[in-house]
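File shown here: structure.cif, holding mmCIF, C-alpha atoms, pLDDT in the B column; chains and numbers go by the auth columns.
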data_start
#
loop_
_atom_site.group_PDB
_atom_site.id
_atom_site.type_symbol
_atom_site.label_atom_id
_atom_site.label_comp_id
_atom_site.label_asym_id
_atom_site.label_seq_id
_atom_site.Cartn_x
_atom_site.Cartn_y
_atom_site.Cartn_z
_atom_site.B_iso_or_equiv
_atom_site.auth_seq_id
_atom_site.auth_asym_id
ATOM 1 C CA MET A 1 0.000 0.000 0.000 47.00 1 M
ATOM 2 C CA ALA A 2 1.473 3.330 -1.062 48.00 2 M
ATOM 3 C CA GLU A 3 2.002 5.923 1.660 48.00 3 M
ATOM 4 C CA PRO A 4 0.035 9.158 1.234 49.00 4 M
ATOM 5 C CA GLU A 5 2.006 12.115 -0.039 46.00 5 M
ATOM 6 C CA VAL A 6 2.724 14.835 2.491 43.00 6 M
ATOM 7 C CA SER A 7 2.360 18.234 0.926 43.00 7 M
ATOM 8 C CA LYS A 8 5.266 20.475 1.698 46.00 8 M
ATOM 9 C CA ARG A 9 4.577 24.120 2.209 46.00 9 M
ATOM 10 C CA ARG A 10 7.020 26.366 0.453 52.00 10 M
ATOM 11 C CA ARG A 11 8.708 28.784 2.842 61.00 11 M
ATOM 12 C CA GLY A 12 10.151 32.138 1.921 63.00 12 M
ATOM 13 C CA ILE A 13 9.936 35.888 2.387 69.00 13 M
ATOM 14 C CA TYR A 14 8.694 38.749 0.277 74.00 14 M
ATOM 15 C CA LEU A 15 11.680 40.560 -1.164 73.00 15 M
ATOM 16 C CA LEU A 16 10.381 44.041 -2.021 78.00 16 M
ATOM 17 C CA PRO A 17 9.105 45.331 1.360 79.00 17 M
ATOM 18 C CA ASN A 18 11.996 43.694 3.214 87.00 18 M
ATOM 19 C CA LEU A 19 14.458 45.552 0.986 90.00 19 M
ATOM 20 C CA PHE A 20 13.125 48.818 2.417 90.00 20 M
ATOM 21 C CA THR A 21 13.331 47.394 5.942 92.00 21 M
ATOM 22 C CA THR A 22 16.929 46.380 5.283 94.00 22 M
ATOM 23 C CA ALA A 23 17.618 49.934 4.101 94.00 23 M
ATOM 24 C CA THR A 24 16.225 51.181 7.419 95.00 24 M
ATOM 25 C CA LEU A 25 18.540 48.830 9.308 96.00 25 M
ATOM 26 C CA PHE A 26 21.522 49.834 7.171 97.00 26 M
ATOM 27 C CA GLY A 27 20.855 53.528 7.867 96.00 27 M
ATOM 28 C CA GLY A 28 20.840 52.849 11.597 96.00 28 M
ATOM 29 C CA PHE A 29 24.046 50.825 11.487 97.00 29 M
ATOM 30 C CA TYR A 30 25.765 53.461 9.361 97.00 30 M
ATOM 31 C CA ALA A 31 24.650 56.146 11.829 97.00 31 M
ATOM 32 C CA ILE A 32 26.189 54.165 14.707 97.00 32 M
ATOM 33 C CA VAL A 33 29.524 53.856 12.882 97.00 33 M
ATOM 34 C CA ALA A 34 29.491 57.549 11.908 97.00 34 M
ATOM 35 C CA SER A 35 28.684 58.599 15.495 96.00 35 M
ATOM 36 C CA ILE A 36 31.565 56.544 16.890 95.00 36 M
ATOM 37 C CA ASN A 37 33.855 58.320 14.412 96.00 37 M
ATOM 38 C CA GLY A 38 32.477 61.739 15.411 93.00 38 M
ATOM 39 C CA ARG A 39 30.706 62.406 12.079 95.00 39 M
ATOM 40 C CA PHE A 40 27.407 63.450 13.601 96.00 40 M
ATOM 41 C CA SER A 41 25.959 65.344 10.645 95.00 41 M
ATOM 42 C CA ILE A 42 26.471 62.297 8.402 96.00 42 M
ATOM 43 C CA ALA A 43 24.919 60.121 11.093 97.00 43 M
ATOM 44 C CA ALA A 44 21.866 62.398 11.223 97.00 44 M
ATOM 45 C CA VAL A 45 21.431 62.203 7.447 96.00 45 M
ATOM 46 C CA ALA A 46 21.603 58.391 7.657 97.00 46 M
ATOM 47 C CA VAL A 47 18.864 58.264 10.307 97.00 47 M
ATOM 48 C CA PHE A 48 16.553 60.592 8.367 97.00 48 M
ATOM 49 C CA ALA A 49 17.136 58.563 5.204 96.00 49 M
ATOM 50 C CA ALA A 50 16.244 55.451 7.197 96.00 50 M
ATOM 51 C CA MET A 51 12.995 57.146 8.252 95.00 51 M
ATOM 52 C CA PHE A 52 12.084 57.583 4.606 93.00 52 M
ATOM 53 C CA ALA A 53 12.722 53.881 3.936 92.00 53 M
ATOM 54 C CA ASP A 54 10.757 52.934 7.043 91.00 54 M
ATOM 55 C CA ALA A 55 7.785 55.006 5.873 88.00 55 M
ATOM 56 C CA LEU A 56 7.764 53.091 2.581 87.00 56 M
ATOM 57 C CA ASP A 57 8.118 49.460 3.617 82.00 57 M
ATOM 58 C CA GLY A 58 4.664 49.091 5.129 78.00 58 M
ATOM 59 C CA ARG A 59 2.964 50.996 2.335 79.00 59 M
ATOM 60 C CA VAL A 60 4.759 48.938 -0.310 80.00 60 M
ATOM 61 C CA ALA A 61 3.707 45.743 1.470 77.00 61 M
ATOM 62 C CA ARG A 62 0.069 46.843 1.535 77.00 62 M
ATOM 63 C CA LEU A 63 0.070 48.015 -2.078 77.00 63 M
ATOM 64 C CA THR A 64 1.622 44.774 -3.323 79.00 64 M
ATOM 65 C CA ASN A 65 -0.301 42.578 -0.856 80.00 65 M
ATOM 66 C CA THR A 66 2.944 41.187 0.575 78.00 66 M
ATOM 67 C CA GLN A 67 2.338 41.670 4.298 78.00 67 M
ATOM 68 C CA SER A 68 3.706 38.942 6.551 82.00 68 M
ATOM 69 C CA ASP A 69 4.436 38.251 10.214 81.00 69 M
ATOM 70 C CA PHE A 70 8.116 37.979 9.311 84.00 70 M
ATOM 71 C CA GLY A 71 8.063 41.467 7.786 83.00 71 M
ATOM 72 C CA LYS A 72 6.372 42.924 10.866 86.00 72 M
ATOM 73 C CA GLU A 73 8.929 41.424 13.255 89.00 73 M
ATOM 74 C CA TYR A 74 11.855 42.364 11.012 91.00 74 M
ATOM 75 C CA ASP A 75 10.546 45.927 10.788 91.00 75 M
ATOM 76 C CA SER A 76 10.336 46.211 14.582 92.00 76 M
ATOM 77 C CA LEU A 77 13.906 44.962 15.040 94.00 77 M
ATOM 78 C CA ALA A 78 15.200 47.362 12.395 95.00 78 M
ATOM 79 C CA ASP A 79 13.322 50.247 14.039 95.00 79 M
ATOM 80 C CA LEU A 80 14.799 49.381 17.435 96.00 80 M
ATOM 81 C CA VAL A 81 18.331 49.492 16.033 97.00 81 M
ATOM 82 C CA THR A 82 17.831 52.646 13.963 97.00 82 M
ATOM 83 C CA PHE A 83 15.465 54.779 16.036 97.00 83 M
ATOM 84 C CA GLY A 84 16.506 53.408 19.409 96.00 84 M
ATOM 85 C CA LEU A 85 20.143 52.342 19.591 97.00 85 M
ATOM 86 C CA ALA A 86 21.516 54.612 16.842 97.00 86 M
ATOM 87 C CA ALA A 87 19.743 57.745 18.118 97.00 87 M
ATOM 88 C CA ALA A 88 20.719 57.058 21.743 97.00 88 M
ATOM 89 C CA LEU A 89 24.346 56.353 20.879 96.00 89 M
ATOM 90 C CA MET A 90 24.485 59.455 18.718 97.00 90 M
ATOM 91 C CA ILE A 91 23.310 61.878 21.394 96.00 91 M
ATOM 92 C CA TYR A 92 25.368 60.064 24.047 95.00 92 M
ATOM 93 C CA THR A 93 28.654 60.298 22.159 95.00 93 M
ATOM 94 C CA TRP A 94 27.918 63.871 21.040 95.00 94 M
ATOM 95 C CA SER A 95 26.760 65.354 24.339 92.00 95 M
ATOM 96 C CA LEU A 96 25.507 63.188 27.188 92.00 96 M
ATOM 97 C CA ASN A 97 28.889 61.597 27.905 89.00 97 M
ATOM 98 C CA THR A 98 30.119 65.010 29.073 87.00 98 M
ATOM 99 C CA LEU A 99 27.786 64.604 32.062 84.00 99 M
ATOM 100 C CA ASP A 100 29.499 61.406 33.218 69.00 100 M
ATOM 101 C CA GLY A 101 31.651 63.427 35.576 65.00 101 M
ATOM 102 C CA ALA A 102 28.633 65.156 37.099 61.00 102 M
ATOM 103 C CA PHE A 103 27.620 64.426 40.665 57.00 103 M
ATOM 104 C CA TRP A 104 24.095 63.330 39.649 58.00 104 M
ATOM 105 C CA LEU A 105 23.540 59.637 40.410 53.00 105 M
ATOM 106 C CA GLY A 106 27.243 59.116 40.972 48.00 106 M
ATOM 107 C CA GLY A 107 28.165 60.198 37.459 60.00 107 M
ATOM 108 C CA LYS A 108 25.894 57.643 35.795 79.00 108 M
ATOM 109 C CA VAL A 109 23.160 59.985 34.588 82.00 109 M
ATOM 110 C CA ALA A 110 24.325 60.063 30.950 84.00 110 M
ATOM 111 C CA TRP A 111 24.186 56.392 30.068 87.00 111 M
ATOM 112 C CA LEU A 112 21.122 55.854 32.270 90.00 112 M
ATOM 113 C CA VAL A 113 19.140 58.428 30.279 93.00 113 M
ATOM 114 C CA ALA A 114 20.425 56.925 27.021 94.00 114 M
ATOM 115 C CA PHE A 115 19.308 53.475 28.214 95.00 115 M
ATOM 116 C CA ILE A 116 15.885 54.820 29.247 96.00 116 M
ATOM 117 C CA TYR A 117 15.489 56.121 25.699 97.00 117 M
ATOM 118 C CA VAL A 118 16.396 52.731 24.177 97.00 118 M
ATOM 119 C CA ALA A 119 14.060 50.930 26.583 97.00 119 M
ATOM 120 C CA GLY A 120 11.285 53.406 25.765 96.00 120 M
ATOM 121 C CA THR A 121 11.756 52.683 22.071 96.00 121 M
ATOM 122 C CA ALA A 122 11.550 48.915 22.643 96.00 122 M
ATOM 123 C CA LEU A 123 8.417 49.256 24.777 95.00 123 M
ATOM 124 C CA ARG A 124 6.812 51.607 22.249 94.00 124 M
ATOM 125 C CA LEU A 125 7.402 49.169 19.377 92.00 125 M
ATOM 126 C CA ALA A 126 6.132 46.191 21.381 90.00 126 M
ATOM 127 C CA ARG A 127 2.982 48.052 22.411 88.00 127 M
ATOM 128 C CA PHE A 128 2.396 49.207 18.844 84.00 128 M
ATOM 129 C CA ASN A 129 2.519 45.617 17.545 80.00 129 M
ATOM 130 C CA VAL A 130 0.028 44.477 20.198 81.00 130 M
ATOM 131 C CA TYR A 131 -2.230 47.470 19.555 72.00 131 M
ATOM 132 C CA VAL A 132 -2.303 46.893 15.795 64.00 132 M
ATOM 133 C CA ALA A 133 -3.009 43.205 16.324 56.00 133 M
ATOM 134 C CA SER A 134 -6.045 44.128 18.432 55.00 134 M
ATOM 135 C CA ASP A 135 -7.439 46.371 15.634 53.00 135 M
ATOM 136 C CA GLY A 136 -6.957 49.638 17.484 54.00 136 M
ATOM 137 C CA ASP A 137 -7.992 53.070 16.261 57.00 137 M
ATOM 138 C CA LYS A 138 -6.019 53.608 13.049 64.00 138 M
ATOM 139 C CA GLY A 139 -6.557 57.367 13.184 75.00 139 M
ATOM 140 C CA TYR A 140 -4.308 57.842 16.217 78.00 140 M
ATOM 141 C CA PHE A 141 -1.168 56.514 17.828 82.00 141 M
ATOM 142 C CA PHE A 142 -0.896 56.366 21.603 87.00 142 M
ATOM 143 C CA GLY A 143 2.563 57.459 22.582 90.00 143 M
ATOM 144 C CA LEU A 144 5.096 59.290 20.441 94.00 144 M
ATOM 145 C CA PRO A 145 6.092 57.140 17.427 94.00 145 M
ATOM 146 C CA SER A 146 9.713 55.989 17.617 94.00 146 M
ATOM 147 C CA PRO A 147 10.735 57.542 14.242 95.00 147 M
ATOM 148 C CA THR A 148 9.510 60.952 15.448 95.00 148 M
ATOM 149 C CA ALA A 149 11.329 60.523 18.758 96.00 149 M
ATOM 150 C CA ALA A 150 14.510 59.741 16.835 97.00 150 M
ATOM 151 C CA ALA A 151 13.922 62.733 14.549 97.00 151 M
ATOM 152 C CA LEU A 152 13.639 64.938 17.639 97.00 152 M
ATOM 153 C CA VAL A 153 16.843 63.617 19.236 97.00 153 M
ATOM 154 C CA VAL A 154 18.902 63.304 16.060 97.00 154 M
ATOM 155 C CA GLY A 155 17.554 66.563 14.628 97.00 155 M
ATOM 156 C CA PHE A 156 18.615 68.407 17.789 97.00 156 M
ATOM 157 C CA VAL A 157 22.161 67.101 17.393 97.00 157 M
ATOM 158 C CA TRP A 158 22.188 68.027 13.698 97.00 158 M
ATOM 159 C CA VAL A 159 20.953 71.571 14.314 97.00 159 M
ATOM 160 C CA CYS A 160 23.537 72.149 17.046 96.00 160 M
ATOM 161 C CA GLU A 161 26.331 70.712 14.916 94.00 161 M
ATOM 162 C CA THR A 162 25.522 72.965 11.956 94.00 162 M
ATOM 163 C CA SER A 163 25.164 75.964 14.319 94.00 163 M
ATOM 164 C CA GLY A 164 28.586 75.447 15.899 92.00 164 M
ATOM 165 C CA LEU A 165 27.190 74.545 19.340 92.00 165 M
ATOM 166 C CA SER A 166 29.222 71.928 21.157 92.00 166 M
ATOM 167 C CA GLY A 167 27.714 68.930 22.874 90.00 167 M
ATOM 168 C CA GLU A 168 29.216 69.953 26.190 90.00 168 M
ATOM 169 C CA VAL A 169 27.485 73.342 26.108 92.00 169 M
ATOM 170 C CA MET A 170 24.144 71.779 25.107 94.00 170 M
ATOM 171 C CA ALA A 171 24.373 68.805 27.490 92.00 171 M
ATOM 172 C CA VAL A 172 21.451 69.791 29.723 91.00 172 M
ATOM 173 C CA PRO A 173 19.020 70.523 26.831 94.00 173 M
ATOM 174 C CA ALA A 174 20.140 67.247 25.225 95.00 174 M
ATOM 175 C CA LEU A 175 19.379 65.432 28.475 94.00 175 M
ATOM 176 C CA VAL A 176 15.906 67.007 28.706 95.00 176 M
ATOM 177 C CA ILE A 177 15.026 66.250 25.058 96.00 177 M
ATOM 178 C CA THR A 178 16.201 62.630 25.296 96.00 178 M
ATOM 179 C CA LEU A 179 14.293 61.984 28.518 96.00 179 M
ATOM 180 C CA ALA A 180 11.160 63.759 27.252 96.00 180 M
ATOM 181 C CA ALA A 181 11.187 61.726 24.028 97.00 181 M
ATOM 182 C CA ALA A 182 11.557 58.499 26.006 97.00 182 M
ATOM 183 C CA LEU A 183 8.685 59.304 28.362 96.00 183 M
ATOM 184 C CA LEU A 184 6.387 60.430 25.564 96.00 184 M
ATOM 185 C CA MET A 185 6.969 57.157 23.703 95.00 185 M
ATOM 186 C CA VAL A 186 5.625 55.119 26.639 94.00 186 M
ATOM 187 C CA SER A 187 2.839 57.581 27.488 93.00 187 M
ATOM 188 C CA ASN A 188 -0.827 57.424 26.504 90.00 188 M
ATOM 189 C CA VAL A 189 -0.663 60.801 24.754 91.00 189 M
ATOM 190 C CA PRO A 190 -2.597 60.597 21.443 89.00 190 M
ATOM 191 C CA TYR A 191 -0.911 61.479 18.148 90.00 191 M
ATOM 192 C CA ARG A 192 -2.503 61.658 14.730 85.00 192 M
ATOM 193 C CA SER A 193 -1.351 58.728 12.615 78.00 193 M
ATOM 194 C CA PHE A 194 -2.625 60.139 9.287 72.00 194 M
ATOM 195 C CA LYS A 195 -3.299 56.532 8.217 66.00 195 M
ATOM 196 C CA ASP A 196 -6.912 57.487 7.619 60.00 196 M
ATOM 197 C CA LEU A 197 -5.870 59.789 4.782 61.00 197 M
ATOM 198 C CA LYS A 198 -6.730 58.314 1.389 61.00 198 M
ATOM 199 C CA LEU A 199 -3.956 59.334 -0.968 57.00 199 M
ATOM 200 C CA SER A 200 -5.747 57.811 -3.947 59.00 200 M
ATOM 201 C CA GLU A 201 -8.578 60.350 -3.772 64.00 201 M
ATOM 202 C CA LYS A 202 -8.590 63.668 -5.599 69.00 202 M
ATOM 203 C CA VAL A 203 -7.478 66.744 -3.648 66.00 203 M
ATOM 204 C CA PRO A 204 -7.541 70.493 -4.405 75.00 204 M
ATOM 205 C CA PHE A 205 -4.681 71.792 -6.525 69.00 205 M
ATOM 206 C CA ALA A 206 -3.520 73.922 -3.571 76.00 206 M
ATOM 207 C CA TYR A 207 -2.347 70.725 -1.845 70.00 207 M
ATOM 208 C CA VAL A 208 0.237 70.233 -4.569 78.00 208 M
ATOM 209 C CA LEU A 209 1.570 73.745 -3.984 83.00 209 M
ATOM 210 C CA ILE A 210 1.784 73.055 -0.258 83.00 210 M
ATOM 211 C CA MET A 211 3.802 69.874 -0.886 83.00 211 M
ATOM 212 C CA VAL A 212 6.161 71.710 -3.240 87.00 212 M
ATOM 213 C CA SER A 213 6.623 74.447 -0.629 85.00 213 M
ATOM 214 C CA LEU A 214 7.503 71.854 2.005 85.00 214 M
ATOM 215 C CA PHE A 215 10.168 70.312 -0.233 85.00 215 M
ATOM 216 C CA VAL A 216 11.599 73.781 -0.906 89.00 216 M
ATOM 217 C CA LEU A 217 11.746 74.535 2.827 87.00 217 M
ATOM 218 C CA ILE A 218 13.541 71.272 3.534 86.00 218 M
ATOM 219 C CA ALA A 219 16.026 71.931 0.728 89.00 219 M
ATOM 220 C CA MET A 220 16.780 75.414 2.094 91.00 220 M
ATOM 221 C CA ASP A 221 17.744 74.253 5.588 92.00 221 M
ATOM 222 C CA PRO A 222 17.316 70.505 6.186 93.00 222 M
ATOM 223 C CA PRO A 223 18.490 70.354 9.828 94.00 223 M
ATOM 224 C CA ARG A 224 16.253 73.129 11.180 95.00 224 M
ATOM 225 C CA VAL A 225 13.198 72.331 9.062 95.00 225 M
ATOM 226 C CA LEU A 226 13.234 68.589 9.820 95.00 226 M
ATOM 227 C CA PHE A 227 13.858 69.223 13.510 96.00 227 M
ATOM 228 C CA GLY A 228 11.070 71.823 13.455 95.00 228 M
ATOM 229 C CA PHE A 229 8.631 69.309 11.946 94.00 229 M
ATOM 230 C CA ALA A 230 9.565 66.738 14.598 96.00 230 M
ATOM 231 C CA LEU A 231 9.200 69.309 17.379 96.00 231 M
ATOM 232 C CA VAL A 232 5.789 70.510 16.172 95.00 232 M
ATOM 233 C CA TYR A 233 4.490 66.945 15.879 94.00 233 M
ATOM 234 C CA THR A 234 5.868 66.073 19.329 95.00 234 M
ATOM 235 C CA VAL A 235 4.131 69.052 20.917 95.00 235 M
ATOM 236 C CA SER A 236 0.884 68.336 19.038 92.00 236 M
ATOM 237 C CA GLY A 237 0.271 65.243 21.169 91.00 237 M
ATOM 238 C CA PRO A 238 0.148 66.984 24.573 92.00 238 M
ATOM 239 C CA VAL A 239 -1.854 69.828 23.003 92.00 239 M
ATOM 240 C CA LEU A 240 -4.395 67.320 21.657 87.00 240 M
ATOM 241 C CA ALA A 241 -4.559 65.537 25.019 87.00 241 M
ATOM 242 C CA LEU A 242 -5.099 68.852 26.831 90.00 242 M
ATOM 243 C CA SER A 243 -7.816 69.826 24.353 86.00 243 M
ATOM 244 C CA ARG A 244 -9.620 66.528 24.907 82.00 244 M
ATOM 245 C CA TRP A 245 -9.352 66.897 28.674 84.00 245 M
ATOM 246 C CA ARG A 246 -10.774 70.424 28.605 84.00 246 M
ATOM 247 C CA ARG A 247 -13.590 69.286 26.326 84.00 247 M
ATOM 248 C CA ARG A 248 -14.531 66.540 28.776 83.00 248 M
ATOM 249 C CA ARG A 249 -14.407 69.013 31.647 80.00 249 M
ATOM 250 C CA SER A 250 -16.757 71.377 29.808 78.00 250 M
ATOM 251 C CA ILE A 251 -19.460 68.673 29.384 71.00 251 M
ATOM 252 C CA PRO A 252 -21.816 68.872 32.418 61.00 252 M
ATOM 253 C CA SER A 253 -22.285 65.702 34.406 52.00 253 M
ATOM 254 C CA ASP A 254 -25.713 64.204 35.088 48.00 254 M
ATOM 255 C CA GLN A 255 -26.002 65.772 38.521 48.00 255 M
ATOM 256 C CA ASP A 256 -25.322 69.228 37.095 48.00 256 M
ATOM 257 C CA LEU A 257 -28.180 69.070 34.578 43.00 257 M
ATOM 258 C CA PRO A 258 -31.190 71.311 35.339 45.00 258 M
ATOM 259 C CA GLY A 259 -34.379 69.733 36.650 42.00 259 M
ATOM 260 C CA ASP A 260 -32.650 67.101 38.795 38.00 260 M
ATOM 261 C CA GLU A 261 -33.553 68.764 42.096 33.00 261 M
#
Could I get this file's structure written as structure tokens?
Amino acid sequence: MAEPEVSKRRRGIYLLPNLFTTATLFGGFYAIVASINGRFSIAAVAVFAAMFADALDGRVARLTNTQSDFGKEYDSLADLVTFGLAAALMIYTWSLNTLDGAFWLGGKVAWLVAFIYVAGTALRLARFNVYVASDGDKGYFFGLPSPTAAALVVGFVWVCETSGLSGEVMAVPALVITLAAALLMVSNVPYRSFKDLKLSEKVPFAYVLIMVSLFVLIAMDPPRVLFGFALVYTVSGPVLALSRWRRRRSIPSDQDLPGDE
């Protein structure tokens, strides 16, 4: 009696979206090497280029219907290296290490803050994966997205480098920005995700002019404009949370309604 054939499932990965994820990982690794060698402006460019690749991998996967669990996990690991480790190492080697001789926490404040940032990035990515798996609200993120946190930290270093400000002089602001970015990543502060925007629909012609103007602004002064975008988006979360809180406070409760006496 012939034995039944066992069908073998072909295993593999989708190449196209994972190429963009690999580009994200490469940008982070290159930024780490450049930071160790003291080339902080080059490192900043590598991180921002990695952000562009990271913004494309998911969209390419959805457009080509090549989403996979492997791609999701690979993307998270690449984001942790690029937007967590690379950004933390960059601001540590540029500025925070000058605080190692400070009396705070026995001279350990610099690497502790850098580690808190890396841990915040890891927690943010893990929570995002769980939240997406549970079909959360796609219109908002909860907690500052890790690419924006990296843009804030790396952009600050880039602006200071191009302005001739040394890391030692800007050590305290660097400490505050790094810690604030870490705490916002693990917070419940809402941020617009813009995933509800349908790019395939028609828009007024003025939108094209706005996009062209944005590209012109970035070309004129990339460090300040990109850091400005990251700063505005970072602040938008607490402003939105405060607006929601005030709106809830302004709605009268049941016991305050007339006619209850």
The distance between atom CA of Trp158 of chain M and atom CA of Leu19 of chain M is 27.0 Å
Take the PyMOL selection byres ((chain M and resi 24) around 8), run it mentally on this structure, and tell me the resulting residues as an MDAnalysis selection string.
chainID M and resid 20:23 25:28 49:51 53:54 78:79 82
At a cut-off of 12 Å from (7.5, 38.2, 10.3) in the coordinates of the file, what residues are picked up using all atoms listed in the file, written as a PyMOL selection string?
chain M and resi 12-14+17-18+21+66-77+129
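Relative to atom CA of Leu240 of chain M, atom CA of Val212 of chain M is found at 27.4 Å.
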Just say which residues the PyMOL selection byres ((chain M and resi 86) around 9) picks in this file, as a PyMOL selection string.
chain M and resi 28-33+35+43+47+80-85+87-91+150
Selection near Pro222 of chain M, 10 Å with only C-alpha atoms, sequence-local residues under 4 positions removed, as a VMD selection string
chain M and resid 45 155 158 to 159 215 to 218 226 to 228
Applying the PyMOL selection byres ((chain M and resi 163-180) around 6) to the file I just gave you, which residues come out? Please list them as JSON, numbers by chain.
{"M": [94, 95, 96, 98, 160, 161, 162, 181, 182, 183]}
Given only C-alpha atoms as the basis, pick out the residue of M:Gly143, M:Leu112, M:Pro190, M:Tyr207 nearest to Ser243 of chain M.
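Counting only C-alpha atoms, the residue closest to Ser243 of chain M is M:Pro190.
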Take atom CA of Phe194 of chain M and atom CA of Ile251 of chain M and report the distance between them in Å, one decimal.
27.6 Å
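Of the listed residues (M:Leu184, M:Pro223, M:Tyr92, M:Ala126), M:Leu184 comes nearest to Thr148 of chain M; the distances count all atoms listed in the file.
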So that I can check the surroundings of Tyr233 of chain M, please list as a list in words every protein, DNA and RNA residue that reaches within 10 Å of it, counting all atoms listed in the file and ignoring chain neighbours fewer than 3 positions away.
Leu144, Thr148, Ala149, Leu152, Tyr191, Arg192, Phe227, Gly228, Phe229, Ala230, Ser236, Gly237, Pro238 and Val239 of chain M
Just need the box for segment 53-64 of chain M, edges along x, y and z, holding every atom the file lists for it with 4 Å tacked onto each side, so centre and edge lengths in Å to one decimal, as lines of an AutoDock Vina configuration file.
center_x = 6.4
center_y = 49.9
center_z = 1.9
size_x = 20.7
size_y = 18.2
size_z = 18.4
Restricting the calculation to all atoms listed in the file: of M:Phe52, M:Leu99, M:Val186, M:Arg224, which residue gets closest to Tyr117 of chain M?
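Closest residue, counting all atoms listed in the file: M:Val186.
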